[in-house]
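Chemist: The structure's right below; bear with me while I get my questions together.
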Amino acid sequence: MAVPERMIICCQSFRAGGDPKGVCHKQTDGFLQYIEEEVLDRGLDALVVATSCLKQCDNGPVMCIQPENYWFKGVESEEIIDEILDSLEDGEQCAAYAL
């Protein structure tokens, strides 16, 4: 399997000790599957990853895209995810949700 061009990293709020904190995991139910489906539908070469707390709780839910190092705040809906992925396809960062 080839190494993907990008990683789309989605905060799921878990911290050392296993305790979920913050807002990301509470407000992103079903988002990982939606992002994965969109990545496949759009033909993006990206791996969708759920991660531990990204330490941006005041801005959550948080998502980042590497290697561009684009960080996004307030990723609370499928519409926002679509805007972010549309911008990514255009080779730009979605300024409306940039962190």
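Letters A, B, ... go to the chains of the structure tokens in the order shown; residues in each chain start at 1; ligands are counted from 1 in the same order.
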Using DSSP on the backbone, list every residue of chain A that comes out as alpha helix (DSSP H), and give them as a PyMOL selection string.

Modeler: chain A and resi 31-42+78-89

Chemist: Identify, on the basis of only C-alpha atoms, every residue whose closest approach to Glu78 in chain A does not exceed 8 Å; exclude the query and any residue fewer than 2 positions from it along the same chain; express the result as an mmCIF file with N, CA and C atoms, in the first residue's frame.

Modeler:
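Written out: around.cif:
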```
data_model
loop_
_atom_site.group_PDB
_atom_site.id
_atom_site.type_symbol
_atom_site.label_atom_id
_atom_site.label_comp_id
_atom_site.auth_asym_id
_atom_site.auth_seq_id
_atom_site.Cartn_x
_atom_site.Cartn_y
_atom_site.Cartn_z
ATOM 1 N N PHE A 31 -18.962 11.997 11.930
ATOM 2 C CA PHE A 31 -18.147 12.813 11.038
ATOM 3 C C PHE A 31 -17.008 12.035 10.409
ATOM 4 N N TYR A 34 -18.341 10.263 7.467
ATOM 5 C CA TYR A 34 -18.681 11.220 6.419
ATOM 6 C C TYR A 34 -17.425 11.722 5.709
ATOM 7 N N GLU A 76 -18.313 21.603 12.798
ATOM 8 C CA GLU A 76 -19.513 21.098 13.473
ATOM 9 C C GLU A 76 -20.576 20.514 12.551
ATOM 10 N N ILE A 80 -19.715 22.326 6.713
ATOM 11 C CA ILE A 80 -18.388 22.885 6.989
ATOM 12 C C ILE A 80 -17.306 21.957 6.439
ATOM 13 N N ILE A 81 -17.475 20.676 6.642
ATOM 14 C CA ILE A 81 -16.520 19.704 6.099
ATOM 15 C C ILE A 81 -16.448 19.843 4.582
ATOM 16 N N ASP A 82 -17.593 19.985 3.934
ATOM 17 C CA ASP A 82 -17.625 20.155 2.477
ATOM 18 C C ASP A 82 -16.861 21.408 2.057
#
```

Chemist: So how far away is CA of Arg6 in chain A from CA of Leu88 in chain A, in Å?

Modeler: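 CA of Leu88 in chain A sits 10.7 Å away from CA of Arg6 in chain A.
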
Chemist: Just asking: which residues within chain A are strand (DSSP E) according to DSSP, as a list of chain:residue names?

Modeler: A:Arg6, A:Met7, A:Ile8, A:Ile9, A:Cys10, A:Cys11, A:Gln12, A:Ser13, A:Phe14, A:Ala46, A:Leu47, A:Val48, A:Val49, A:Ala50, A:Thr51, A:Ser52, A:Met63, A:Cys64, A:Ile65, A:Gln66, A:Tyr70, A:Trp71, A:Phe72

Chemist: Set the distance at 10 Å and use only C-alpha atoms: which residues neighbour Val3 in chain A once local chain neighbours fewer than 3 positions away are removed? I'd like the list as a PyMOL selection string.

Modeler: chain A and resi 6-7+45-47

Chemist: Keeping C-alpha atoms, export the residues of the selection given above as an mmCIF file, in the first residue's frame.

Modeler:
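File written: result15.cif
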```
data_model
loop_
_atom_site.group_PDB
_atom_site.id
_atom_site.type_symbol
_atom_site.label_atom_id
_atom_site.label_comp_id
_atom_site.auth_asym_id
_atom_site.auth_seq_id
_atom_site.Cartn_x
_atom_site.Cartn_y
_atom_site.Cartn_z
ATOM 1 C CA ARG A 6 -2.244 13.700 3.104
ATOM 2 C CA MET A 7 -3.608 12.902 6.528
ATOM 3 C CA ASP A 45 -5.290 10.678 -1.697
ATOM 4 C CA ALA A 46 -5.796 11.078 2.055
ATOM 5 C CA LEU A 47 -5.960 8.966 5.173
#
```
